[in-house]
Every structure is written in C-alpha cells, then in structure tokens.
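Down below is the structure, laid out as structure tokens.
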Amino acid sequence: MTSIHDLAAFFAGPGAPWLARFGRIGRLERASIVGLLLITLIAIGAPWLTPYDPNLRVGDGYQPPSGAFWFGTDEIGRDLFSRIVIGVRYTWLPALALVLFSLVLGSAIGLVSGTAGRKTDMLIQRLTDLVLILPATLIALAVIASLGPGLANTMIAIAIVWWPWYARLSRDEVRRLVARPHVEAARIAGARGSRLMLRYLLPGVVPSLIVAATLDMANVVLTVSLLSFLGLGQAAPAPELGSMTARSLDSLTVFWWLPILPGAAIFLLCFCANLAGDGLRAALRGR
Amino acid sequence: MFKHLAGLVVVVLAMSFFVFCLQSILPADPARAVAGPTAPVATVEAVRERLGLDQPVIVQYGRFLLRLAKGDLGTSFRTRQPVTADIGKHLPATLELMSVAVFLGVVPAVALALLQASFPRPGLARVALIGLGSMPIFLTALLLVYLFWFKLAWLPGSGRLGLTDFSGPTGFNLLDGFLTGRPGVSVDAFAHILLPSIALALPIAVAIGRTMSSALHEVMQQAYIRTARGKGIGEARLVFAHGLRNAATAPLAMVGLQVRLLFGNLLIVERIFGWPGLGNYMVQSLASSDLPAVLGVSMVFGVLYIIVNIAVELCQSLADPRIDL
C-alpha cells in the first residue's frame, strides 16, 4: 500500500548502495560520461558555437579539410564542421527525450503485463506485438507525411514504435524474476499489486532497464540518422547527419570527407553513449 | 501451435489495416504519380478511377483484403507489375542476405561470449566491440566498400552476381550454383554477399554478444553454479553444461529485436550495395509513394518478424521450462 515508502526504500535501502558502486566505473567509461555531458552542453549551445552559418555559402565547394574549414566544405561551399555541430544538436537532444519517455512508459506496461494474469498478459503482449511488427521506417514515413515534415514529428514517429521494446524487455525480466524464490516468498507473505511490483520486482528489473536504456541511446541516434538517410527527417536545407551522407554517396571515392565525416560524428556520439552505458552496467551490476 | 497461427492472422490483419489507414492520409497523389507530372487533370481522374483510388478508404481496404485472400496484393503503381510477382522476384535475394547476416552475427557472438565467460576478458577487445556496435550502418557499409572494393579491389562493391543471365531453381544463388552444377556461380555469389552481409551482421553480433555475456555473467554468480564448482567441475564444463542454457533467454529475446532492426538496416545496405532485394524495392517504392508495393513489402516483413518471434518464444521455453508458452 505504501508505494512512496517502497520507492524510497528502493533508492536508499541497504540493497542498493548505488553511490558506492560508481567507484567501480573504469577510467575510459568515466571519460566517456564526461564526454557525453560535454556533447550535451555543446548541443545546447550549438547555435552560438559554430564558426560559420551552417546554411550559407562561405567558400568554394569541395574544399578538403583545412585550418579555415576544419572538416572542409560541401558541394555548394557550406562549412561542413558547422553543419555537423548543428546536426549533432538535432540528433542528441531529441534522442535523450525519446529514451526517457520510452523507459517510463515501457517499464510500467511491462511490470503490469508480467504480474497480471494470463489473459491480461496475452492481450498486452499482442498489442505490443502489433506495434513491434510495424516496420519502423514505414510508420515514421506515414506519420511524418500526415503531420508534415519536421523534427517534432520525426520524434513522435519514433516514440510510437519505440516504447514496446521496453515493455517487452521488462516483461521478460519480470517473468524470469517471478520464478525466483524471493518473489515467491514475498507472495506467500502477502505482498500484492503495487507493493509486489515496486519493492520486489522493480529493483530486479531496473538494473537491466537502465543498462538497456543507456545502451539504447545509441540505437535511437542510429535510428534518427537512418530515417534521415532515407530522406524522412527534417526538410532539405537543415543540416542532418544522415541526409548529409546520403546526398554525397557518389563522392565517396573523390571527396571522402563529405559522406564519411557526418557518419563519423554519429559514430563518436554512439561510442560515448555505449561506453557510458557499459560503465553504468559495471556500476549497477558489478562485474 | 494453433493459437500462435491464429494470433499471426489477427496481427497481420490489424497491421495491414493500420498501415493502410496511415498510407491513405499521405498527401502525395499516387494517381498523379502514375499519370505523370504533365498529364491533364482528366487523365489523372481517369487513372484514379481505374485504380479504385476514388473510393472511400474502407472500401479500398475491403477490396484489398478480398484480393489478399486470393493471394493478390494489387498492382504496383511504379513497375506496373503485380506486387506479388515483384515481391516473389526480390524476396529470395533478401532472404539469402538476411540468413547469411544472422548467421554471421549470431555464431561469432555466442562463441565470443562463451570465451569471455571462460577466460578473463581482455579490456581492449571489449572497447573494440563497443566501437563496432556504435557504427551507423551506412558508415560501416561505406567503409567496407571504400576499403575492400575501391582501395584493395578484393571484393565486388555492388550487385548480387557477376553474371546477368543466371537464374536457378530456388532463387538462392549460393545454393543454385551447386544445384545446377556450376560451383563457380556459388563462389561468385559468396563474394558478392560477403560485404553487405558483414555490414548487416556487425550490429547483430555486438548486440547479441553483449547481452549473452552479461546474462552468462549473472548466471555464473548464482548459487547452483557455486555448488557445481565446489563439486570440482571445470570452468569450461560449468559454462557449457550448466550456465549456457539458463543464460539463453535474454540473448534469444535480443535476436527477435535485432531482426526488426535488420529490416531498417536492409533498406540502407541494399541501397548502398545495389542489392536487388526487397529493401531496395521498398526504398524506390517509398520514394514514388507506391502504395500497394509499400503495403505488400511491409506485410512480408511483418510476417517474417512474427515467424522469427514465435521461433524465439519456442526456443526460450525449451531453454527455460519455467517459461510457458
């Protein structure tokens, strides 16, 4: 009944000395967490940080990377570095919001599905299936097309297909946990409903979910760039990492920096996110 | 088993309806696309009537279902061919690519996870693995093409086969070469499939390897393993005979998730490598808002995904009898 109390016990209780565990994170992983914070700050301040206007012609086209243009210029002479910094902003910040949304919604649904009776579980799982089987890119295209192009609509499109992953994962974890003796004991002792979920199941599910969510940051970034590559992201003049690569595919063997560097920026973002996720996994689970 | 098949039908119906409704609110006008950008309005209206696009959405959907029951997915606006024929033409290439990619993804992943559980993990290898998992699929594909086709000229960078006139009984070139007594064709097909399937396999291998090794790690700390270790059983036997089966649930679920990611990646990899499969067909259909083709391909992907997931659930309950179907 006292679900607030249960939550407090979960975060501060003797079973989860979280702060002490952060000492276990390796040096590289700590650096990547700092790197992520830095990227987040750069993403927030991007409009004031770019050396050139990302949408204006500032030099000749197809210039290789140099002191004046760090990443070179694109086919119509725009500064590639400025465009990539802005592209990172419009990839990273939405990805953060998306994962948080999916984590909360999905784990709540998964907990209910895993503890409820057979019929409810079946119903929720088929509903999740329904969303999971719809090819993400197609739904995204349809949603964007019906709402009109734009960043917010891309995010809505991804959110629709994203939360079921968390529902499925937490439900699978719950089913695994329910078979464990300590949950059986809690049930026999009379724990029911929200108390059983929050006190005995959630602590077992949360580490996996947090690890999954931090590692999932990279997946969201990759999906955003995939949609952008297919031309389903922001409209053309906006600097998007995926579409920058897609437009310059044919330049690969001549002007390699045009398709490669936007992809490399996505790689760097995902690499930091994945290392940070791995560090958190070490902290939350122990090695 | 019957329950699963019934569920499959229900899900396919619901999916087709959802996709159909979403597609019907697309602002792009398929009748205009078929008639051509310069055609007069009267021609466009005639085309609209001929294709049944002037009917209400629900009527269009009803017609679609009736035809579906007869195995008819309609006619593609773009290629003017029956969608079933188009899909039949492109499906073997995609199935071949997917199977090779999943195989190249799962086998090394499981092997690596087992190695990691039996021996202390080398830190550098772990970071390299994380790095591989962070590559956007088009960067992997481009780097592979750049290195192995452009720089080294070891492997072909696009297409499915060097020959243009070859067609075998199964549509799977890897098999057909041997079946028709031309092993050279199989070798050529293998050379062509290697780069795109490696690009697709990398994210699968990393995801499954990581899930597997974390699941194994957790299982190996449980009391029954400690008991077994106390009885004097060797580490390798502990992992294989005692740990592996209990650690299988999470990686199996990951296979299901990865197959869905694979559909998105297929579009990009097939586009970059010019692979004549469903992904490439889908990209072109999306670009020309070819409703029947897009709907048909999504149905095929949806059915494939459900089949894989039923198989995953079966394997999960085989590995862990406490999970009932």
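Here, A, B, ... name the chains of the structure tokens in the order displayed, residue numbers run from 1 inside each chain, and ligands are numbered from 1 in the same displayed order.
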
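When the distance limit is 10 Å and only C-alpha atoms are what count, the residues near Leu163 of chain B, minus those fewer than 5 positions from it on the same chain, are Val185, Asp188 and Ala189 of chain B.
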
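Between atom CA of Gly209 of chain B and atom CA of Ala113 of chain B there is a distance of 5.5 Å.
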
What are the DSSP alpha helix (DSSP H) residues of segment 49-213 of chain A, as a PyMOL selection string?
chain A and resi 49+80-115+118-133+136-147+151-178+181-188+193-195+202-213

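With only C-alpha atoms as the atoms that count, the residue of A:Val174, A:Ala189, A:Leu36, A:Leu268 with the shortest distance to chain B is A:Leu268.
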
Which of B:Leu53, B:Ala241, B:Leu252, B:Ala199 sits closest to chain A [using only C-alpha atoms]:
B:Leu252

Using only C-alpha atoms, find the one residue out of B:Met212, B:Val106, B:Val10, B:Val57 that sits nearest to Val303 of chain B.
B:Val10

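Nearest to Val9 of chain B of all the residues A:Leu38, A:Pro164, A:Arg126, A:Asp216 is A:Arg126, based on only C-alpha atoms.
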
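The spacing separating atom CA of Leu175 of chain B from atom CA of Met98 of chain B amounts to 14.8 Å.
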
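Residues in contact range of Ala276 of chain A, defined as at most 10 Å between only C-alpha atoms, with sequence neighbours fewer than 3 positions away removed, read A:Ile25, A:Gly26, A:Leu28, A:Glu29, A:Arg30, A:Ala31, A:Ser32, A:Ile33, A:Val34, A:Gly35, A:Leu36, A:Val211, A:Thr214, A:Leu215, A:Cys270, A:Phe271, A:Cys272, A:Ala273, A:Gly279, A:Leu280, A:Arg281, A:Ala282.
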
Can you write just those residues out, N, CA and C atoms, as an mmCIF file, in the first residue's frame?
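After the write, again.cif holds the following:
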```
data_model
loop_
_atom_site.group_PDB
_atom_site.id
_atom_site.type_symbol
_atom_site.label_atom_id
_atom_site.label_comp_id
_atom_site.auth_asym_id
_atom_site.auth_seq_id
_atom_site.Cartn_x
_atom_site.Cartn_y
_atom_site.Cartn_z
ATOM 1 N N ILE A 25 33.460 2.210 -11.820
ATOM 2 C CA ILE A 25 33.486 2.555 -13.251
ATOM 3 C C ILE A 25 34.925 2.793 -13.700
ATOM 4 N N GLY A 26 35.284 2.210 -14.840
ATOM 5 C CA GLY A 26 36.650 2.329 -15.345
ATOM 6 C C GLY A 26 36.967 3.736 -15.820
ATOM 7 N N LEU A 28 38.156 4.890 -18.761
ATOM 8 C CA LEU A 28 37.646 5.214 -20.095
ATOM 9 C C LEU A 28 36.145 5.519 -20.040
ATOM 10 N N GLU A 29 35.430 4.709 -19.255
ATOM 11 C CA GLU A 29 33.990 4.899 -19.139
ATOM 12 C C GLU A 29 33.665 6.229 -18.459
ATOM 13 N N ARG A 30 34.451 6.569 -17.420
ATOM 14 C CA ARG A 30 34.236 7.866 -16.772
ATOM 15 C C ARG A 30 34.472 8.996 -17.763
ATOM 16 N N ALA A 31 35.552 8.858 -18.545
ATOM 17 C CA ALA A 31 35.853 9.880 -19.550
ATOM 18 C C ALA A 31 34.694 10.011 -20.528
ATOM 19 N N SER A 32 34.090 8.877 -20.895
ATOM 20 C CA SER A 32 33.006 8.944 -21.873
ATOM 21 C C SER A 32 31.759 9.586 -21.268
ATOM 22 N N ILE A 33 31.532 9.363 -19.955
ATOM 23 C CA ILE A 33 30.396 10.028 -19.302
ATOM 24 C C ILE A 33 30.611 11.532 -19.315
ATOM 25 N N VAL A 34 31.854 11.959 -18.984
ATOM 26 C CA VAL A 34 32.183 13.385 -19.065
ATOM 27 C C VAL A 34 32.006 13.885 -20.502
ATOM 28 N N GLY A 35 32.470 13.058 -21.463
ATOM 29 C CA GLY A 35 32.328 13.409 -22.873
ATOM 30 C C GLY A 35 30.879 13.619 -23.266
ATOM 31 N N LEU A 36 30.012 12.753 -22.767
ATOM 32 C CA LEU A 36 28.582 12.878 -23.080
ATOM 33 C C LEU A 36 28.015 14.179 -22.528
ATOM 34 N N VAL A 211 20.624 -0.234 -17.905
ATOM 35 C CA VAL A 211 21.686 -0.615 -18.839
ATOM 36 C C VAL A 211 21.141 -0.597 -20.267
ATOM 37 N N THR A 214 20.644 3.132 -21.431
ATOM 38 C CA THR A 214 21.858 3.877 -21.799
ATOM 39 C C THR A 214 22.457 3.317 -23.085
ATOM 40 N N LEU A 215 22.408 1.961 -23.196
ATOM 41 C CA LEU A 215 22.917 1.390 -24.437
ATOM 42 C C LEU A 215 21.982 1.714 -25.589
ATOM 43 N N CYS A 270 27.606 7.737 -30.593
ATOM 44 C CA CYS A 270 27.170 6.415 -30.156
ATOM 45 C C CYS A 270 28.245 5.728 -29.324
ATOM 46 N N PHE A 271 29.499 5.929 -29.693
ATOM 47 C CA PHE A 271 30.602 5.308 -28.979
ATOM 48 C C PHE A 271 30.620 5.802 -27.535
ATOM 49 N N CYS A 272 30.521 7.118 -27.337
ATOM 50 C CA CYS A 272 30.463 7.681 -25.990
ATOM 51 C C CYS A 272 29.269 7.123 -25.226
ATOM 52 N N ALA A 273 28.108 7.112 -25.871
ATOM 53 C CA ALA A 273 26.895 6.639 -25.203
ATOM 54 C C ALA A 273 27.036 5.176 -24.797
ATOM 55 N N GLY A 279 29.807 1.499 -18.577
ATOM 56 C CA GLY A 279 30.262 1.896 -17.255
ATOM 57 C C GLY A 279 29.135 1.794 -16.238
ATOM 58 N N LEU A 280 27.956 2.248 -16.630
ATOM 59 C CA LEU A 280 26.802 2.175 -15.730
ATOM 60 C C LEU A 280 26.463 0.721 -15.429
ATOM 61 N N ARG A 281 26.588 -0.137 -16.447
ATOM 62 C CA ARG A 281 26.308 -1.544 -16.208
ATOM 63 C C ARG A 281 27.257 -2.088 -15.157
ATOM 64 N N ALA A 282 28.532 -1.730 -15.271
ATOM 65 C CA ALA A 282 29.503 -2.181 -14.283
ATOM 66 C C ALA A 282 29.118 -1.665 -12.901
#
```

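Each of B:Val102, B:Leu318, B:Leu142, B:Leu200 was checked against chain A using only C-alpha atoms; the smallest atom-to-atom distance is that of B:Leu142.
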
Might you pull out every residue within 12 Å of Val183 of chain A, with only C-alpha atoms counted and same-chain residues fewer than 2 positions away left off, and present them as a CSV table (one decimal) with C-alpha atoms, in the first residue's frame?
```csv
chain,number,residue,atom,x,y,z
A,115,THR,CA,2.5,-9.7,-13.0
A,174,VAL,CA,9.6,-9.8,-14.6
A,175,ARG,CA,8.6,-13.3,-15.8
A,176,ARG,CA,12.1,-14.5,-15.1
A,177,LEU,CA,12.1,-12.9,-11.7
A,178,VAL,CA,8.6,-14.2,-10.7
A,179,ALA,CA,10.0,-17.7,-10.9
A,180,ARG,CA,12.8,-16.8,-8.4
A,181,PRO,CA,12.3,-17.9,-4.7
A,185,ALA,CA,8.3,-15.9,-0.6
A,186,ALA,CA,7.1,-12.3,-0.9
A,187,ARG,CA,3.9,-13.5,-2.5
A,188,ILE,CA,3.3,-16.1,0.3
A,189,ALA,CA,4.0,-13.4,2.8
A,190,GLY,CA,1.1,-11.5,1.3
A,191,ALA,CA,2.7,-8.9,-1.0
A,192,ARG,CA,0.3,-7.9,-3.7
A,195,ARG,CA,3.9,-3.3,-3.3
A,196,LEU,CA,5.0,-6.6,-5.0
A,197,MET,CA,5.9,-4.7,-8.2
A,198,LEU,CA,7.8,-1.7,-6.6
A,199,ARG,CA,9.5,-3.5,-3.8
A,200,TYR,CA,10.3,-7.0,-5.1
A,201,LEU,CA,10.2,-6.8,-8.9
A,202,LEU,CA,11.2,-3.3,-9.8
A,203,PRO,CA,14.7,-3.4,-8.1
A,204,GLY,CA,15.4,-6.6,-10.0
```

Need to verify the contact set: Arg78 of chain B, 8 Å, only C-alpha atoms, exclusion of same-chain residues closer than 2 positions in sequence. Can you return it as a PyMOL selection string?
chain B and resi 34+76+80+285+288+290

Those residues you just picked out, can you put them in a file as a JSON list (two decimals), in the first residue's frame with C-alpha atoms?
```json
[["chain", "number", "residue", "atom", "x", "y", "z"],
["B", 34, "VAL", "CA", 1.10, 7.07, -62.36],
["B", 76, "SER", "CA", 2.48, -1.65, -58.27],
["B", 80, "ARG", "CA", 3.01, -1.80, -63.36],
["B", 285, "SER", "CA", 8.55, 2.41, -53.67],
["B", 288, "SER", "CA", 7.41, 7.20, -55.51],
["B", 290, "ASP", "CA", 3.77, 3.38, -54.43]]
```
